[in-house]
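See below for query08.pdb, which holds PDB, C-alpha atoms.
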```
ATOM      1  CA  VAL A 653     -60.693  30.950  14.927  1.00  0.00           C
ATOM      2  CA  LYS A 654     -56.954  31.389  14.375  1.00  0.00           C
ATOM      3  CA  HIS A 655     -55.678  31.822  17.923  1.00  0.00           C
ATOM      4  CA  ILE A 656     -56.604  30.246  21.260  1.00  0.00           C
ATOM      5  CA  GLY A 657     -55.373  32.344  24.153  1.00  0.00           C
ATOM      6  CA  THR A 658     -53.428  31.553  27.285  1.00  0.00           C
ATOM      7  CA  TYR A 659     -55.368  29.267  29.679  1.00  0.00           C
ATOM      8  CA  ALA A 660     -58.510  29.743  27.545  1.00  0.00           C
ATOM      9  CA  PHE A 661     -60.143  26.462  28.620  1.00  0.00           C
ATOM     10  CA  GLN A 662     -58.319  25.865  31.900  1.00  0.00           C
ATOM     11  CA  ALA A 663     -60.095  23.344  34.169  1.00  0.00           C
ATOM     12  CA  CYS A 664     -63.083  22.806  31.861  1.00  0.00           C
ATOM     13  CA  GLU A 665     -64.004  19.452  33.335  1.00  0.00           C
ATOM     14  CA  GLN A 666     -66.504  18.511  30.608  1.00  0.00           C
ATOM     15  CA  LEU A 667     -64.454  19.687  27.609  1.00  0.00           C
ATOM     16  CA  ASP A 668     -64.504  17.484  24.514  1.00  0.00           C
ATOM     17  CA  LEU A 669     -61.734  19.066  22.470  1.00  0.00           C
ATOM     18  CA  THR A 670     -62.411  19.784  18.797  1.00  0.00           C
ATOM     19  CA  VAL A 671     -59.865  22.104  17.205  1.00  0.00           C
ATOM     20  CA  PRO A 672     -60.884  24.144  14.135  1.00  0.00           C
ATOM     21  CA  ALA A 673     -58.905  23.625  10.909  1.00  0.00           C
ATOM     22  CA  SER A 674     -58.185  27.364  10.755  1.00  0.00           C
ATOM     23  CA  LEU A 675     -56.175  27.382  14.006  1.00  0.00           C
ATOM     24  CA  GLU A 676     -52.601  28.768  13.834  1.00  0.00           C
ATOM     25  CA  THR A 677     -51.444  29.319  17.432  1.00  0.00           C
ATOM     26  CA  ILE A 678     -52.351  27.942  20.842  1.00  0.00           C
ATOM     27  CA  GLY A 679     -51.419  29.841  23.982  1.00  0.00           C
ATOM     28  CA  GLU A 680     -49.753  28.578  27.118  1.00  0.00           C
ATOM     29  CA  GLY A 681     -51.889  26.164  29.135  1.00  0.00           C
ATOM     30  CA  ALA A 682     -54.854  26.552  26.766  1.00  0.00           C
ATOM     31  CA  TYR A 683     -56.290  23.138  27.720  1.00  0.00           C
ATOM     32  CA  TYR A 684     -54.651  22.913  31.166  1.00  0.00           C
ATOM     33  CA  HIS A 685     -56.399  20.319  33.388  1.00  0.00           C
ATOM     34  CA  THR A 686     -59.312  19.628  31.051  1.00  0.00           C
ATOM     35  CA  ALA A 687     -61.077  16.275  30.766  1.00  0.00           C
ATOM     36  CA  THR A 688     -60.457  15.819  27.054  1.00  0.00           C
ATOM     37  CA  THR A 689     -59.620  12.291  25.880  1.00  0.00           C
ATOM     38  CA  SER A 690     -58.454  13.291  22.399  1.00  0.00           C
ATOM     39  CA  ALA A 691     -56.388  16.183  21.032  1.00  0.00           C
ATOM     40  CA  ILE A 692     -56.101  16.233  17.240  1.00  0.00           C
ATOM     41  CA  PHE A 693     -54.376  19.408  16.069  1.00  0.00           C
ATOM     42  CA  PRO A 694     -54.507  20.499  12.404  1.00  0.00           C
ATOM     43  CA  ASP A 695     -51.310  21.036  10.437  1.00  0.00           C
ATOM     44  CA  THR A 696     -52.130  24.764  10.253  1.00  0.00           C
ATOM     45  CA  VAL A 697     -50.922  25.129  13.869  1.00  0.00           C
ATOM     46  CA  THR A 698     -47.373  26.492  13.850  1.00  0.00           C
ATOM     47  CA  SER A 699     -46.959  27.490  17.484  1.00  0.00           C
ATOM     48  CA  MET A 700     -47.987  25.977  20.814  1.00  0.00           C
ATOM     49  CA  GLY A 701     -47.334  27.469  24.236  1.00  0.00           C
ATOM     50  CA  GLU A 702     -45.892  25.773  27.281  1.00  0.00           C
ATOM     51  CA  GLY A 703     -48.143  23.245  29.036  1.00  0.00           C
ATOM     52  CA  VAL A 704     -50.898  23.240  26.386  1.00  0.00           C
ATOM     53  CA  LEU A 705     -52.202  19.816  27.482  1.00  0.00           C
ATOM     54  CA  GLN A 706     -50.689  19.717  30.956  1.00  0.00           C
ATOM     55  CA  GLY A 707     -52.755  17.797  33.485  1.00  0.00           C
ATOM     56  CA  CYS A 708     -55.177  16.230  30.978  1.00  0.00           C
ATOM     57  CA  LYS A 709     -55.353  12.975  32.926  1.00  0.00           C
ATOM     58  CA  LYS A 710     -57.922  11.349  30.618  1.00  0.00           C
ATOM     59  CA  LEU A 711     -56.013  12.092  27.402  1.00  0.00           C
ATOM     60  CA  GLU A 712     -55.643   8.916  25.299  1.00  0.00           C
ATOM     61  CA  THR A 713     -55.045  10.170  21.737  1.00  0.00           C
ATOM     62  CA  VAL A 714     -52.804  12.967  20.451  1.00  0.00           C
ATOM     63  CA  ARG A 715     -51.900  14.106  16.970  1.00  0.00           C
ATOM     64  CA  LEU A 716     -49.571  17.084  16.879  1.00  0.00           C
ATOM     65  CA  PRO A 717     -49.260  19.338  13.795  1.00  0.00           C
ATOM     66  CA  ALA A 718     -46.828  17.977  11.184  1.00  0.00           C
ATOM     67  CA  GLY A 719     -45.033  21.325  10.822  1.00  0.00           C
ATOM     68  CA  LEU A 720     -44.291  21.801  14.516  1.00  0.00           C
ATOM     69  CA  THR A 721     -40.510  22.259  14.963  1.00  0.00           C
ATOM     70  CA  SER A 722     -40.285  22.600  18.740  1.00  0.00           C
ATOM     71  CA  LEU A 723     -42.019  20.633  21.485  1.00  0.00           C
ATOM     72  CA  PRO A 724     -43.014  23.063  24.262  1.00  0.00           C
ATOM     73  CA  GLU A 725     -42.084  22.616  27.896  1.00  0.00           C
ATOM     74  CA  LEU A 726     -44.513  20.635  30.065  1.00  0.00           C
ATOM     75  CA  ILE A 727     -46.852  19.974  27.127  1.00  0.00           C
ATOM     76  CA  PHE A 728     -47.828  16.523  28.435  1.00  0.00           C
ATOM     77  CA  PHE A 729     -46.925  16.786  32.122  1.00  0.00           C
ATOM     78  CA  GLY A 730     -49.541  14.872  34.097  1.00  0.00           C
ATOM     79  CA  CYS A 731     -51.139  13.190  31.068  1.00  0.00           C
ATOM     80  CA  THR A 732     -51.062   9.887  32.903  1.00  0.00           C
ATOM     81  CA  ASN A 733     -53.371   7.943  30.565  1.00  0.00           C
ATOM     82  CA  LEU A 734     -51.503   8.446  27.262  1.00  0.00           C
ATOM     83  CA  LYS A 735     -50.030   5.130  26.040  1.00  0.00           C
ATOM     84  CA  GLU A 736     -48.656   6.020  22.599  1.00  0.00           C
ATOM     85  CA  LEU A 737     -47.050   9.170  21.243  1.00  0.00           C
ATOM     86  CA  GLU A 738     -45.605   9.867  17.815  1.00  0.00           C
ATOM     87  CA  LEU A 739     -43.818  13.185  17.591  1.00  0.00           C
ATOM     88  CA  PRO A 740     -43.929  15.073  14.289  1.00  0.00           C
ATOM     89  CA  GLN A 741     -40.836  14.356  12.201  1.00  0.00           C
ATOM     90  CA  LYS A 742     -39.994  18.065  11.747  1.00  0.00           C
ATOM     91  CA  ILE A 743     -39.453  18.672  15.466  1.00  0.00           C
ATOM     92  CA  THR A 744     -35.829  19.682  15.898  1.00  0.00           C
ATOM     93  CA  THR A 745     -35.970  20.675  19.578  1.00  0.00           C
ATOM     94  CA  LEU A 746     -37.260  18.904  22.685  1.00  0.00           C
ATOM     95  CA  ASN A 747     -37.587  21.536  25.391  1.00  0.00           C
ATOM     96  CA  ARG A 748     -37.125  20.970  29.119  1.00  0.00           C
ATOM     97  CA  TRP A 749     -39.723  18.640  30.704  1.00  0.00           C
ATOM     98  CA  ALA A 750     -41.449  18.183  27.299  1.00  0.00           C
ATOM     99  CA  LEU A 751     -42.138  14.476  27.848  1.00  0.00           C
ATOM    100  CA  SER A 752     -41.974  14.331  31.621  1.00  0.00           C
ATOM    101  CA  GLY A 753     -44.801  12.766  33.564  1.00  0.00           C
ATOM    102  CA  LEU A 754     -46.008  10.321  30.914  1.00  0.00           C
ATOM    103  CA  ASP A 755     -46.087   7.420  33.348  1.00  0.00           C
ATOM    104  CA  SER A 756     -48.363   5.194  31.199  1.00  0.00           C
ATOM    105  CA  LEU A 757     -46.533   5.729  27.912  1.00  0.00           C
ATOM    106  CA  GLU A 758     -45.720   2.403  26.220  1.00  0.00           C
ATOM    107  CA  ARG A 759     -44.623   3.499  22.718  1.00  0.00           C
ATOM    108  CA  LEU A 760     -42.665   6.610  21.751  1.00  0.00           C
ATOM    109  CA  VAL A 761     -41.664   7.667  18.241  1.00  0.00           C
ATOM    110  CA  LEU A 762     -38.991  10.371  18.375  1.00  0.00           C
ATOM    111  CA  PRO A 763     -38.632  12.909  15.556  1.00  0.00           C
ATOM    112  CA  ALA A 764     -36.313  12.027  12.686  1.00  0.00           C
ATOM    113  CA  GLU A 765     -34.939  15.582  12.505  1.00  0.00           C
ATOM    114  CA  LEU A 766     -34.119  15.955  16.210  1.00  0.00           C
ATOM    115  CA  GLU A 767     -31.139  18.317  16.658  1.00  0.00           C
ATOM    116  CA  THR A 768     -31.416  19.750  20.174  1.00  0.00           C
ATOM    117  CA  TYR A 769     -32.177  17.896  23.370  1.00  0.00           C
ATOM    118  CA  THR A 770     -32.601  20.184  26.357  1.00  0.00           C
ATOM    119  CA  PRO A 771     -31.582  18.506  29.657  1.00  0.00           C
ATOM    120  CA  ALA A 772     -34.601  16.838  31.324  1.00  0.00           C
ATOM    121  CA  ALA A 773     -36.720  16.926  28.149  1.00  0.00           C
ATOM    122  CA  ILE A 774     -37.550  13.271  28.751  1.00  0.00           C
ATOM    123  CA  SER A 775     -37.696  11.727  32.181  1.00  0.00           C
ATOM    124  CA  PHE A 776     -37.788   8.036  33.055  1.00  0.00           C
ATOM    125  CA  LEU A 777     -40.863   6.451  31.431  1.00  0.00           C
ATOM    126  CA  PRO A 778     -41.532   3.369  33.596  1.00  0.00           C
ATOM    127  CA  ASN A 779     -43.946   1.557  31.259  1.00  0.00           C
ATOM    128  CA  LEU A 780     -42.123   2.186  27.997  1.00  0.00           C
ATOM    129  CA  LYS A 781     -41.910  -0.935  25.824  1.00  0.00           C
ATOM    130  CA  GLU A 782     -40.874   0.522  22.457  1.00  0.00           C
ATOM    131  CA  VAL A 783     -38.856   3.556  21.362  1.00  0.00           C
ATOM    132  CA  VAL A 784     -38.365   4.457  17.699  1.00  0.00           C
ATOM    133  CA  LEU A 785     -35.796   6.885  16.267  1.00  0.00           C
ATOM    134  CA  ASP A 786     -34.910   7.054  12.583  1.00  0.00           C
ATOM    135  CA  GLU A 787     -31.436   5.534  12.155  1.00  0.00           C
ATOM    136  CA  SER A 788     -30.484   8.292   9.711  1.00  0.00           C
ATOM    137  CA  ASN A 789     -30.616  10.921  12.459  1.00  0.00           C
ATOM    138  CA  PRO A 790     -27.164  12.578  12.365  1.00  0.00           C
ATOM    139  CA  ASN A 791     -27.245  13.746  15.995  1.00  0.00           C
ATOM    140  CA  PHE A 792     -28.744  10.983  18.154  1.00  0.00           C
ATOM    141  CA  TYR A 793     -29.147   7.229  18.373  1.00  0.00           C
ATOM    142  CA  LEU A 794     -30.845   4.734  20.670  1.00  0.00           C
ATOM    143  CA  ASP A 795     -28.969   2.112  22.632  1.00  0.00           C
ATOM    144  CA  GLY A 796     -31.753   0.028  24.116  1.00  0.00           C
ATOM    145  CA  PHE A 797     -33.796   2.498  26.128  1.00  0.00           C
ATOM    146  CA  PHE A 798     -31.021   5.074  26.367  1.00  0.00           C
ATOM    147  CA  LEU A 799     -31.001   8.165  24.130  1.00  0.00           C
ATOM    148  CA  MET A 800     -27.439   8.983  23.130  1.00  0.00           C
ATOM    149  CA  LYS A 801     -25.768  11.829  21.279  1.00  0.00           C
ATOM    150  CA  LYS A 802     -23.420  10.671  18.543  1.00  0.00           C
ATOM    151  CA  ASP A 803     -20.527  12.203  20.525  1.00  0.00           C
ATOM    152  CA  GLY A 804     -20.996   9.615  23.314  1.00  0.00           C
ATOM    153  CA  THR A 805     -23.161  11.695  25.669  1.00  0.00           C
ATOM    154  CA  LEU A 806     -25.974   9.847  27.420  1.00  0.00           C
ATOM    155  CA  VAL A 807     -28.858  12.357  27.475  1.00  0.00           C
ATOM    156  CA  ALA A 808     -31.811  10.285  28.716  1.00  0.00           C
ATOM    157  CA  ALA A 809     -32.519   6.984  30.392  1.00  0.00           C
ATOM    158  CA  LEU A 810     -35.974   6.276  28.994  1.00  0.00           C
ATOM    159  CA  SER A 811     -36.584   3.032  30.850  1.00  0.00           C
ATOM    160  CA  GLU A 812     -34.709   0.206  32.551  1.00  0.00           C
ATOM    161  CA  GLY A 813     -31.947  -1.558  30.679  1.00  0.00           C
ATOM    162  CA  ASP A 814     -28.249  -2.281  30.534  1.00  0.00           C
ATOM    163  CA  PHE A 815     -26.003   0.753  30.674  1.00  0.00           C
ATOM    164  CA  PRO A 816     -24.893   1.516  27.110  1.00  0.00           C
ATOM    165  CA  GLU A 817     -21.290   0.986  26.062  1.00  0.00           C
ATOM    166  CA  GLY A 818     -19.291   3.822  24.564  1.00  0.00           C
ATOM    167  CA  VAL A 819     -20.645   6.428  26.975  1.00  0.00           C
ATOM    168  CA  LYS A 820     -18.125   9.201  27.612  1.00  0.00           C
ATOM    169  CA  VAL A 821     -20.385  11.734  29.317  1.00  0.00           C
ATOM    170  CA  ILE A 822     -23.524  11.316  31.418  1.00  0.00           C
ATOM    171  CA  GLY A 823     -25.627  14.356  30.611  1.00  0.00           C
ATOM    172  CA  GLU A 824     -27.471  16.615  32.974  1.00  0.00           C
ATOM    173  CA  TYR A 825     -30.720  15.007  34.278  1.00  0.00           C
ATOM    174  CA  ALA A 826     -30.041  11.831  32.255  1.00  0.00           C
ATOM    175  CA  PHE A 827     -31.437   9.709  35.090  1.00  0.00           C
ATOM    176  CA  TYR A 828     -34.102  12.113  36.342  1.00  0.00           C
ATOM    177  CA  ARG A 829     -36.846  10.084  38.060  1.00  0.00           C
ATOM    178  CA  TYR A 830     -35.040   6.808  37.325  1.00  0.00           C
ATOM    179  CA  GLU A 831     -36.647   4.488  39.875  1.00  0.00           C
ATOM    180  CA  SER A 832     -35.300   1.057  39.029  1.00  0.00           C
ATOM    181  CA  ASP A 833     -34.186  -1.313  41.763  1.00  0.00           C
ATOM    182  CA  GLN A 834     -31.613  -2.772  39.358  1.00  0.00           C
ATOM    183  CA  PRO A 835     -28.092  -1.470  39.950  1.00  0.00           C
ATOM    184  CA  LEU A 836     -26.316   0.332  37.139  1.00  0.00           C
ATOM    185  CA  THR A 837     -22.572   0.123  36.825  1.00  0.00           C
ATOM    186  CA  ILE A 838     -20.954   3.081  35.130  1.00  0.00           C
ATOM    187  CA  PRO A 839     -18.685   1.640  32.454  1.00  0.00           C
ATOM    188  CA  GLU A 840     -15.001   2.371  32.033  1.00  0.00           C
ATOM    189  CA  GLY A 841     -14.305   5.396  29.854  1.00  0.00           C
ATOM    190  CA  VAL A 842     -16.891   7.750  31.357  1.00  0.00           C
ATOM    191  CA  THR A 843     -15.126  11.057  31.932  1.00  0.00           C
ATOM    192  CA  THR A 844     -17.954  13.281  33.106  1.00  0.00           C
TER     193      THR A 844
END
```

Here is the file; what I need is its structure written in the form of structure tokens.
Amino acid sequence: VKHIGTYAFQACEQLDLTVPASLETIGEGAYYHTATTSAIFPDTVTSMGEGVLQGCKKLETVRLPAGLTSLPELIFFGCTNLKELELPQKITTLNRWALSGLDSLERLVLPAELETYTPAAISFLPNLKEVVLDESNPNFYLDGFFLMKKDGTLVAALSEGDFPEGVKVIGEYAFYRYESDQPLTIPEGVTT
């Protein structure tokens, strides 16, 4: 098997996902709302459609293919049981809503080669305790739980924390779903 089609296993409530080593592409929503607890994808997979694992509420373990360069939209939306996620280091693009809805996520490792952050790629992750981003990334850096572009643009508030200094621009959807009761004071120097 080289290709799994669009919504191929949608709503298979007893599915225990085992992906063949020959797999190359996975269509949109292929495992949408299944009961799988583990999704280990081989490195032969080069393309994944939008929402591949969307709604897999029992999902606990994920290993994405090492060669994946773009994280599809809504891939993990509704995966409310996933606590740790390490994104492949070759991912250069986080698409819209890619990491939204991961309410139980505690540890996130962002890709070292990240170049493009689409607004709303990551929403507020209320249980996040650790975020890792390679310091050699030329485009982004972390300031506490805030993902920043090197040009001073705040692109995502990943969890609660003090507003980062040096912010010039607050990006589109930077505080999407931010539900903290703690007030945030926008620092001097913010222009947009």

For this structure, which residues satisfy the selection - the PyMOL selection byres ((chain A and resi 797-814) around 9) - when it is evaluated on the file as given? I want them as a PDB file with C-alpha atoms, in the coordinates of the input.
```pdb
ATOM      1  CA  TYR A 769     -32.177  17.896  23.370  1.00  0.00           C
ATOM      2  CA  THR A 770     -32.601  20.184  26.357  1.00  0.00           C
ATOM      3  CA  PRO A 771     -31.582  18.506  29.657  1.00  0.00           C
ATOM      4  CA  ALA A 772     -34.601  16.838  31.324  1.00  0.00           C
ATOM      5  CA  ALA A 773     -36.720  16.926  28.149  1.00  0.00           C
ATOM      6  CA  ILE A 774     -37.550  13.271  28.751  1.00  0.00           C
ATOM      7  CA  SER A 775     -37.696  11.727  32.181  1.00  0.00           C
ATOM      8  CA  PHE A 776     -37.788   8.036  33.055  1.00  0.00           C
ATOM      9  CA  LEU A 777     -40.863   6.451  31.431  1.00  0.00           C
ATOM     10  CA  PRO A 778     -41.532   3.369  33.596  1.00  0.00           C
ATOM     11  CA  ASN A 779     -43.946   1.557  31.259  1.00  0.00           C
ATOM     12  CA  LEU A 780     -42.123   2.186  27.997  1.00  0.00           C
ATOM     13  CA  LYS A 781     -41.910  -0.935  25.824  1.00  0.00           C
ATOM     14  CA  GLU A 782     -40.874   0.522  22.457  1.00  0.00           C
ATOM     15  CA  VAL A 783     -38.856   3.556  21.362  1.00  0.00           C
ATOM     16  CA  PRO A 790     -27.164  12.578  12.365  1.00  0.00           C
ATOM     17  CA  ASN A 791     -27.245  13.746  15.995  1.00  0.00           C
ATOM     18  CA  PHE A 792     -28.744  10.983  18.154  1.00  0.00           C
ATOM     19  CA  TYR A 793     -29.147   7.229  18.373  1.00  0.00           C
ATOM     20  CA  LEU A 794     -30.845   4.734  20.670  1.00  0.00           C
ATOM     21  CA  ASP A 795     -28.969   2.112  22.632  1.00  0.00           C
ATOM     22  CA  GLY A 796     -31.753   0.028  24.116  1.00  0.00           C
ATOM     23  CA  PHE A 815     -26.003   0.753  30.674  1.00  0.00           C
ATOM     24  CA  PRO A 816     -24.893   1.516  27.110  1.00  0.00           C
ATOM     25  CA  GLU A 817     -21.290   0.986  26.062  1.00  0.00           C
ATOM     26  CA  GLY A 818     -19.291   3.822  24.564  1.00  0.00           C
ATOM     27  CA  VAL A 819     -20.645   6.428  26.975  1.00  0.00           C
ATOM     28  CA  LYS A 820     -18.125   9.201  27.612  1.00  0.00           C
ATOM     29  CA  VAL A 821     -20.385  11.734  29.317  1.00  0.00           C
ATOM     30  CA  ILE A 822     -23.524  11.316  31.418  1.00  0.00           C
ATOM     31  CA  GLY A 823     -25.627  14.356  30.611  1.00  0.00           C
ATOM     32  CA  GLU A 824     -27.471  16.615  32.974  1.00  0.00           C
ATOM     33  CA  TYR A 825     -30.720  15.007  34.278  1.00  0.00           C
ATOM     34  CA  ALA A 826     -30.041  11.831  32.255  1.00  0.00           C
ATOM     35  CA  PHE A 827     -31.437   9.709  35.090  1.00  0.00           C
ATOM     36  CA  TYR A 828     -34.102  12.113  36.342  1.00  0.00           C
ATOM     37  CA  TYR A 830     -35.040   6.808  37.325  1.00  0.00           C
ATOM     38  CA  GLU A 831     -36.647   4.488  39.875  1.00  0.00           C
ATOM     39  CA  SER A 832     -35.300   1.057  39.029  1.00  0.00           C
ATOM     40  CA  GLN A 834     -31.613  -2.772  39.358  1.00  0.00           C
ATOM     41  CA  LEU A 836     -26.316   0.332  37.139  1.00  0.00           C
ATOM     42  CA  THR A 837     -22.572   0.123  36.825  1.00  0.00           C
TER      43      THR A 837
END
```

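Proximity to Gly730 of chain A was assessed for A:Leu711, A:Ala691, A:Ile743, A:Ile838 counting only C-alpha atoms; the smallest distance is recorded for A:Leu711.
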
Next item on the list: List the neighbours of Thr732 of chain A out to 9 Å using only C-alpha atoms; skip same-chain residues closer than 3 positions along the sequence, and give me the result as a ChimeraX atom specification.
Entry: /A:707-712,728-729,735,753-757

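Every residue that the PyMOL selection byres ((chain A and resi 713) around 8) selects in this file is listed here: Thr689, Ser690, Ala691, Ile692, Leu711, Glu712, Val714, Arg715, Leu734 and Glu736 of chain A.
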
Next item on the list: Identify the residues within 9 Å of coordinate (-60.3, 19.9, 17.9) (same frame as the file), considering all atoms listed in the file, and give the answer as a VMD selection string.
Entry: chain A and resid 668 to 673 690 to 694

Item checked: Residues within 10 Å of segment 654-667 of chain A, only C-alpha atoms, excluding chain neighbours under 4 positions, as an MDAnalysis selection string -> chainID A and resid 671:689 696:697 699:708

Margin query: For a test of reading the model, state the distance in Å between atom CA of Pro717 of chain A and atom CA of Leu760 of chain A, rounded to one decimal.
Written below: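 Separation of atom CA of Pro717 of chain A and atom CA of Leu760 of chain A: 16.4 Å.
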
Notebook entry, point to check: Between atom CA of Arg829 of chain A and atom CA of Gly841 of chain A, what is the spacing in Å?
Noted result: 24.4 Å

Edge lengths and centre, in Å to one decimal, as JSON: that's what I need for the box along x, y and z that holds all listed atoms of segment 661-673 of chain A plus 5 Å on each side.
```
{"center_x": -62.4, "center_y": 22.0, "center_z": 22.5, "size_x": 18.2, "size_y": 19.0, "size_z": 33.3}
```

Next item on the list: Considering all atoms listed in the file, state which residue in the set A:Glu840, A:Glu725, A:Glu765, A:Asp833 is at the smallest distance from Leu739 of chain A.
Entry: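 For Leu739 of chain A, the nearest of the candidates is A:Glu765.
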
Next item on the list: Could you expand the PyMOL selection byres ((chain A and resi 741) around 12) into the explicit residues it covers here, written as a PyMOL selection string?
Entry: chain A and resi 716-723+738-740+742-746+761-767+784-786+789

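Taking atom CA of Ile727 of chain A as the reference point, atom CA of Arg748 of chain A is found at 10.0 Å.
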